[in-house]
$ cat entry00.pdb   # PDB, C-alpha atoms, pLDDT in the B column
ATOM      1  CA  MET A   1     -91.329 -40.553 149.428  1.00 53.00           C
ATOM      2  CA  GLY A   2     -90.654 -37.837 152.006  1.00 65.00           C
ATOM      3  CA  ASP A   3     -89.428 -38.279 155.545  1.00 66.00           C
ATOM      4  CA  PRO A   4     -92.331 -39.826 157.508  1.00 71.00           C
ATOM      5  CA  LEU A   5     -91.156 -38.364 160.829  1.00 73.00           C
ATOM      6  CA  ARG A   6     -90.774 -34.774 159.559  1.00 88.00           C
ATOM      7  CA  LEU A   7     -89.052 -33.393 162.638  1.00 93.00           C
ATOM      8  CA  TYR A   8     -87.447 -30.455 160.831  1.00 93.00           C
ATOM      9  CA  GLY A   9     -87.370 -27.394 163.043  1.00 93.00           C
ATOM     10  CA  LEU A  10     -88.302 -29.257 166.220  1.00 96.00           C
ATOM     11  CA  LYS A  11     -86.065 -28.967 169.290  1.00 97.00           C
ATOM     12  CA  ALA A  12     -85.285 -31.981 171.486  1.00 97.00           C
ATOM     13  CA  LEU A  13     -83.645 -32.569 174.851  1.00 95.00           C
ATOM     14  CA  VAL A  14     -82.499 -36.157 175.444  1.00 95.00           C
ATOM     15  CA  LEU A  15     -81.457 -37.158 178.970  1.00 91.00           C
ATOM     16  CA  ASN A  16     -78.932 -39.976 179.457  1.00 90.00           C
ATOM     17  CA  ALA A  17     -77.857 -39.893 175.816  1.00 92.00           C
ATOM     18  CA  ALA A  18     -74.227 -41.034 176.060  1.00 90.00           C
ATOM     19  CA  ASP A  19     -75.016 -44.614 175.055  1.00 90.00           C
ATOM     20  CA  GLY A  20     -77.717 -47.189 174.484  1.00 91.00           C
ATOM     21  CA  VAL A  21     -81.302 -46.136 173.875  1.00 93.00           C
ATOM     22  CA  GLY A  22     -80.655 -42.470 174.677  1.00 93.00           C
ATOM     23  CA  GLU A  23     -77.867 -42.265 172.105  1.00 94.00           C
ATOM     24  CA  ALA A  24     -79.974 -44.056 169.488  1.00 96.00           C
ATOM     25  CA  VAL A  25     -82.912 -41.723 170.105  1.00 96.00           C
ATOM     26  CA  ALA A  26     -80.703 -38.614 169.837  1.00 97.00           C
ATOM     27  CA  ARG A  27     -79.196 -39.843 166.564  1.00 95.00           C
ATOM     28  CA  THR A  28     -82.621 -40.769 165.163  1.00 96.00           C
ATOM     29  CA  LEU A  29     -84.121 -37.396 166.071  1.00 97.00           C
ATOM     30  CA  VAL A  30     -81.320 -35.494 164.343  1.00 96.00           C
ATOM     31  CA  LYS A  31     -81.457 -37.826 161.327  1.00 94.00           C
ATOM     32  CA  HIS A  32     -85.077 -36.774 160.853  1.00 95.00           C
ATOM     33  CA  GLY A  33     -84.361 -33.072 161.195  1.00 95.00           C
ATOM     34  CA  ALA A  34     -84.593 -32.170 164.887  1.00 97.00           C
ATOM     35  CA  ASP A  35     -82.001 -30.073 166.700  1.00 97.00           C
ATOM     36  CA  VAL A  36     -80.880 -32.023 169.762  1.00 97.00           C
ATOM     37  CA  ILE A  37     -79.171 -31.358 173.062  1.00 96.00           C
ATOM     38  CA  ALA A  38     -77.955 -34.703 174.386  1.00 95.00           C
ATOM     39  CA  LEU A  39     -77.247 -34.794 178.112  1.00 93.00           C
ATOM     40  CA  GLY A  40     -75.005 -37.275 179.844  1.00 91.00           C
ATOM     41  CA  SER A  41     -73.278 -37.631 183.162  1.00 87.00           C
ATOM     42  CA  ARG A  42     -70.109 -35.680 183.797  1.00 85.00           C
ATOM     43  CA  ASN A  43     -67.909 -38.744 183.372  1.00 87.00           C
ATOM     44  CA  SER A  44     -69.615 -40.026 180.199  1.00 88.00           C
ATOM     45  CA  GLY A  45     -67.541 -37.993 177.730  1.00 88.00           C
ATOM     46  CA  ILE A  46     -70.748 -36.758 176.130  1.00 91.00           C
ATOM     47  CA  GLU A  47     -69.246 -33.389 175.196  1.00 87.00           C
ATOM     48  CA  ARG A  48     -67.084 -35.183 172.605  1.00 90.00           C
ATOM     49  CA  HIS A  49     -69.368 -38.131 171.907  1.00 89.00           C
ATOM     50  CA  PHE A  50     -71.328 -36.380 169.165  1.00 91.00           C
ATOM     51  CA  ASP A  51     -68.434 -34.415 167.643  1.00 90.00           C
ATOM     52  CA  GLY A  52     -68.986 -34.240 163.914  1.00 90.00           C
ATOM     53  CA  VAL A  53     -72.706 -34.998 164.135  1.00 93.00           C
ATOM     54  CA  LYS A  54     -74.495 -31.940 162.786  1.00 95.00           C
ATOM     55  CA  GLY A  55     -77.512 -30.998 164.873  1.00 95.00           C
ATOM     56  CA  ILE A  56     -76.516 -32.673 168.161  1.00 96.00           C
ATOM     57  CA  THR A  57     -74.809 -30.867 171.014  1.00 94.00           C
ATOM     58  CA  GLY A  58     -73.536 -33.097 173.807  1.00 94.00           C
ATOM     59  CA  GLN A  59     -73.549 -31.579 177.278  1.00 92.00           C
ATOM     60  CA  ALA A  60     -72.500 -32.968 180.634  1.00 90.00           C
ATOM     61  CA  ALA A  61     -74.638 -32.381 183.692  1.00 87.00           C
ATOM     62  CA  LEU A  62     -74.734 -33.642 187.245  1.00 81.00           C
ATOM     63  CA  LEU A  63     -77.997 -35.477 186.678  1.00 73.00           C
ATOM     64  CA  THR A  64     -77.942 -36.861 190.222  1.00 71.00           C
ATOM     65  CA  ASP A  65     -78.586 -33.353 191.594  1.00 75.00           C
ATOM     66  CA  PRO A  66     -82.264 -32.427 191.142  1.00 74.00           C
ATOM     67  CA  GLY A  67     -81.315 -28.848 191.966  1.00 81.00           C
ATOM     68  CA  GLN A  68     -79.442 -28.687 188.650  1.00 81.00           C
ATOM     69  CA  LEU A  69     -82.417 -29.725 186.533  1.00 80.00           C
ATOM     70  CA  PRO A  70     -83.975 -26.251 186.323  1.00 85.00           C
ATOM     71  CA  THR A  71     -80.596 -24.851 185.221  1.00 88.00           C
ATOM     72  CA  VAL A  72     -80.185 -27.617 182.635  1.00 86.00           C
ATOM     73  CA  ILE A  73     -83.697 -27.058 181.284  1.00 86.00           C
ATOM     74  CA  GLU A  74     -83.259 -23.270 181.187  1.00 90.00           C
ATOM     75  CA  GLY A  75     -79.927 -23.668 179.355  1.00 90.00           C
ATOM     76  CA  ALA A  76     -81.505 -25.979 176.786  1.00 90.00           C
ATOM     77  CA  LEU A  77     -84.413 -23.580 176.318  1.00 91.00           C
ATOM     78  CA  ALA A  78     -82.001 -20.701 175.757  1.00 93.00           C
ATOM     79  CA  GLU A  79     -79.752 -22.631 173.357  1.00 93.00           C
ATOM     80  CA  LEU A  80     -82.514 -24.259 171.333  1.00 94.00           C
ATOM     81  CA  GLY A  81     -85.095 -21.499 171.586  1.00 94.00           C
ATOM     82  CA  GLY A  82     -87.603 -23.931 173.092  1.00 93.00           C
ATOM     83  CA  ILE A  83     -88.114 -27.647 173.669  1.00 93.00           C
ATOM     84  CA  ASP A  84     -90.647 -29.579 171.609  1.00 95.00           C
ATOM     85  CA  ILE A  85     -89.500 -33.088 172.534  1.00 95.00           C
ATOM     86  CA  LEU A  86     -88.220 -34.313 175.913  1.00 92.00           C
ATOM     87  CA  VAL A  87     -86.795 -37.827 176.097  1.00 93.00           C
ATOM     88  CA  ASN A  88     -86.171 -39.170 179.588  1.00 86.00           C
ATOM     89  CA  ASP A  89     -84.050 -42.305 179.074  1.00 85.00           C
ATOM     90  CA  PHE A  90     -83.890 -43.563 182.637  1.00 73.00           C
ATOM     91  CA  PRO A  91     -84.564 -47.218 183.522  1.00 64.00           C
ATOM     92  CA  VAL A  92     -87.337 -46.357 186.018  1.00 58.00           C
ATOM     93  CA  TYR A  93     -89.989 -43.674 185.758  1.00 54.00           C
ATOM     94  CA  PRO A  94     -91.576 -41.737 188.618  1.00 54.00           C
ATOM     95  CA  SER A  95     -95.352 -41.636 188.934  1.00 62.00           C
ATOM     96  CA  LYS A  96     -95.339 -37.819 189.098  1.00 63.00           C
ATOM     97  CA  PRO A  97     -94.602 -35.319 186.341  1.00 66.00           C
ATOM     98  CA  PHE A  98     -90.866 -34.945 185.705  1.00 58.00           C
ATOM     99  CA  ASP A  99     -90.738 -31.333 186.879  1.00 62.00           C
ATOM    100  CA  GLU A 100     -92.117 -32.146 190.345  1.00 66.00           C
ATOM    101  CA  HIS A 101     -88.878 -32.644 192.273  1.00 57.00           C
ATOM    102  CA  ASP A 102     -89.157 -34.936 195.260  1.00 58.00           C
ATOM    103  CA  ASP A 103     -87.352 -37.865 196.866  1.00 60.00           C
ATOM    104  CA  GLY A 104     -88.658 -40.210 194.172  1.00 55.00           C
ATOM    105  CA  LEU A 105     -86.884 -38.173 191.498  1.00 54.00           C
ATOM    106  CA  ASP A 106     -83.738 -38.118 193.642  1.00 60.00           C
ATOM    107  CA  ASN A 107     -83.832 -41.920 193.776  1.00 59.00           C
ATOM    108  CA  LEU A 108     -84.442 -42.154 190.038  1.00 52.00           C
ATOM    109  CA  LEU A 109     -81.451 -39.941 189.263  1.00 56.00           C
ATOM    110  CA  GLN A 110     -79.213 -41.903 191.641  1.00 58.00           C
ATOM    111  CA  LEU A 111     -79.848 -45.038 189.557  1.00 49.00           C
ATOM    112  CA  ARG A 112     -77.981 -43.528 186.610  1.00 49.00           C
ATOM    113  CA  SER A 113     -74.994 -41.927 188.308  1.00 46.00           C
TER     114      SER A 113
END

$ encode --input "entry00.pdb" --output "structure tokens"
Amino acid sequence: MGDPLRLYGLKALVLNAADGVGEAVARTLVKHGADVIALGSRNSGIERHFDGVKGITGQAALLTDPGQLPTVIEGALAELGGIDILVNDFPVYPSKPFDEHDDGLDNLLQLRS
């Protein structure tokens, strides 16, 4: 039987991927064929966390600074050639779309710093 997820060729960006659910999601996506950029905080060691895992690139970002999000997204778009899957592994979710930066998003990002 073939791979039921069939994610080959899809591009994913996983936020907060240094451990826990985010890490598990990143590893599962790549296991099923996706190319993944896994983001973690600057002190998470994410750049080395996925060494040796083909298909995952770990990158550190100051996720507590909403001003950096456009740069992070643009970098992921450039490196991957697009984003098909976005995983936001934060413990609380804002009621607005993720790309609408406001104080609520600032508070959300502060929870994970």

$ resolve_selection --input "entry00.pdb" --expression "the PyMOL selection byres ((chain A and resi 28-39) around 7)" --output "PyMOL selection string"
chain A and resi 5-17+24-27+40+55-61+76

$ atom_distance --input "entry00.pdb" --atom1 "atom CA of Asp51 of chain A" --atom2 "atom CA of Glu23 of chain A"
13.1 Å

$ closest_residue --input "entry00.pdb" --among "A:Pro66, A:Asp19, A:Ile73, A:Ala78" --to "His49 of chain A" --atoms "all atoms listed in the file"
A:Asp19

$ atom_distance --input "entry00.pdb" --atom1 "atom CA of Asn88 of chain A" --atom2 "atom CA of Thr64 of chain A"
13.6 Å

$ closest_residue --input "entry00.pdb" --among "A:Val21, A:Ile85, A:Leu63, A:Leu77" --to "Ser41 of chain A" --atoms "all atoms listed in the file"
A:Leu63

$ atom_distance --input "entry00.pdb" --atom1 "atom CA of Ala18 of chain A" --atom2 "atom CA of Ser44 of chain A"
6.3 Å

$ decode --input "entry00.pdb" --residues "segment 34-63 of chain A" --atoms "N, CA and C atoms" --output "mmCIF file, in the first residue's frame"
data_model
loop_
_atom_site.group_PDB
_atom_site.id
_atom_site.type_symbol
_atom_site.label_atom_id
_atom_site.label_comp_id
_atom_site.auth_asym_id
_atom_site.auth_seq_id
_atom_site.Cartn_x
_atom_site.Cartn_y
_atom_site.Cartn_z
ATOM 1 N N ALA A 34 7.239 15.737 2.500
ATOM 2 C CA ALA A 34 7.276 17.201 2.409
ATOM 3 C C ALA A 34 8.687 17.724 2.672
ATOM 4 N N ASP A 35 8.991 18.876 2.111
ATOM 5 C CA ASP A 35 10.196 19.625 2.464
ATOM 6 C C ASP A 35 9.778 20.608 3.543
ATOM 7 N N VAL A 36 10.568 20.687 4.631
ATOM 8 C CA VAL A 36 10.137 21.422 5.812
ATOM 9 C C VAL A 36 11.187 22.429 6.259
ATOM 10 N N ILE A 37 10.730 23.631 6.580
ATOM 11 C CA ILE A 37 11.535 24.574 7.348
ATOM 12 C C ILE A 37 10.918 24.589 8.734
ATOM 13 N N ALA A 38 11.718 24.251 9.734
ATOM 14 C CA ALA A 38 11.283 24.189 11.117
ATOM 15 C C ALA A 38 11.856 25.395 11.851
ATOM 16 N N LEU A 39 10.985 26.241 12.361
ATOM 17 C CA LEU A 39 11.429 27.435 13.078
ATOM 18 C C LEU A 39 11.374 27.213 14.574
ATOM 19 N N GLY A 40 12.351 27.771 15.255
ATOM 20 C CA GLY A 40 12.384 27.748 16.706
ATOM 21 C C GLY A 40 12.971 29.039 17.216
ATOM 22 N N SER A 41 12.877 29.240 18.508
ATOM 23 C CA SER A 41 13.428 30.456 19.091
ATOM 24 C C SER A 41 14.948 30.443 18.981
ATOM 25 N N ARG A 42 15.528 31.604 19.138
ATOM 26 C CA ARG A 42 16.979 31.734 18.975
ATOM 27 C C ARG A 42 17.767 30.885 19.965
ATOM 28 N N ASN A 43 17.218 30.640 21.128
ATOM 29 C CA ASN A 43 17.959 29.863 22.128
ATOM 30 C C ASN A 43 17.550 28.393 22.160
ATOM 31 N N SER A 44 16.810 27.931 21.157
ATOM 32 C CA SER A 44 16.325 26.546 21.153
ATOM 33 C C SER A 44 17.318 25.551 20.563
ATOM 34 N N GLY A 45 18.350 26.044 19.865
ATOM 35 C CA GLY A 45 19.290 25.150 19.206
ATOM 36 C C GLY A 45 18.722 24.493 17.962
ATOM 37 N N ILE A 46 17.674 25.069 17.423
ATOM 38 C CA ILE A 46 16.978 24.445 16.286
ATOM 39 C C ILE A 46 17.854 24.293 15.055
ATOM 40 N N GLU A 47 18.842 25.155 14.884
ATOM 41 C CA GLU A 47 19.699 25.047 13.697
ATOM 42 C C GLU A 47 20.402 23.693 13.642
ATOM 43 N N ARG A 48 20.699 23.111 14.792
ATOM 44 C CA ARG A 48 21.380 21.817 14.859
ATOM 45 C C ARG A 48 20.428 20.665 15.186
ATOM 46 N N HIS A 49 19.247 20.995 15.611
ATOM 47 C CA HIS A 49 18.296 19.990 16.100
ATOM 48 C C HIS A 49 17.944 18.938 15.047
ATOM 49 N N PHE A 50 17.852 19.352 13.800
ATOM 50 C CA PHE A 50 17.467 18.433 12.736
ATOM 51 C C PHE A 50 18.644 18.045 11.845
ATOM 52 N N ASP A 51 19.869 18.243 12.331
ATOM 53 C CA ASP A 51 21.043 17.807 11.567
ATOM 54 C C ASP A 51 20.891 16.321 11.242
ATOM 55 N N GLY A 52 21.148 15.981 10.011
ATOM 56 C CA GLY A 52 21.072 14.588 9.597
ATOM 57 C C GLY A 52 19.684 14.126 9.192
ATOM 58 N N VAL A 53 18.684 15.001 9.330
ATOM 59 C CA VAL A 53 17.334 14.639 8.901
ATOM 60 C C VAL A 53 17.108 15.256 7.527
ATOM 61 N N LYS A 54 17.114 14.420 6.510
ATOM 62 C CA LYS A 54 16.956 14.903 5.139
ATOM 63 C C LYS A 54 15.555 15.491 4.950
ATOM 64 N N GLY A 55 15.519 16.703 4.422
ATOM 65 C CA GLY A 55 14.242 17.346 4.130
ATOM 66 C C GLY A 55 13.794 18.373 5.142
ATOM 67 N N ILE A 56 14.486 18.465 6.293
ATOM 68 C CA ILE A 56 14.139 19.473 7.303
ATOM 69 C C ILE A 56 15.311 20.425 7.474
ATOM 70 N N THR A 57 15.022 21.708 7.405
ATOM 71 C CA THR A 57 16.003 22.740 7.712
ATOM 72 C C THR A 57 15.532 23.462 8.963
ATOM 73 N N GLY A 58 16.347 23.439 10.007
ATOM 74 C CA GLY A 58 16.019 24.163 11.229
ATOM 75 C C GLY A 58 16.551 25.579 11.160
ATOM 76 N N GLN A 59 15.716 26.539 11.507
ATOM 77 C CA GLN A 59 16.112 27.941 11.490
ATOM 78 C C GLN A 59 15.640 28.624 12.759
ATOM 79 N N ALA A 60 16.513 29.471 13.305
ATOM 80 C CA ALA A 60 16.152 30.256 14.479
ATOM 81 C C ALA A 60 15.570 31.586 14.035
ATOM 82 N N ALA A 61 14.607 32.060 14.792
ATOM 83 C CA ALA A 61 13.998 33.358 14.515
ATOM 84 C C ALA A 61 13.530 33.955 15.831
ATOM 85 N N LEU A 62 13.533 35.268 15.888
ATOM 86 C CA LEU A 62 13.001 35.966 17.050
ATOM 87 C C LEU A 62 11.484 36.015 16.882
ATOM 88 N N LEU A 63 10.834 34.945 17.283
ATOM 89 C CA LEU A 63 9.397 34.807 17.067
ATOM 90 C C LEU A 63 8.578 35.754 17.928
#
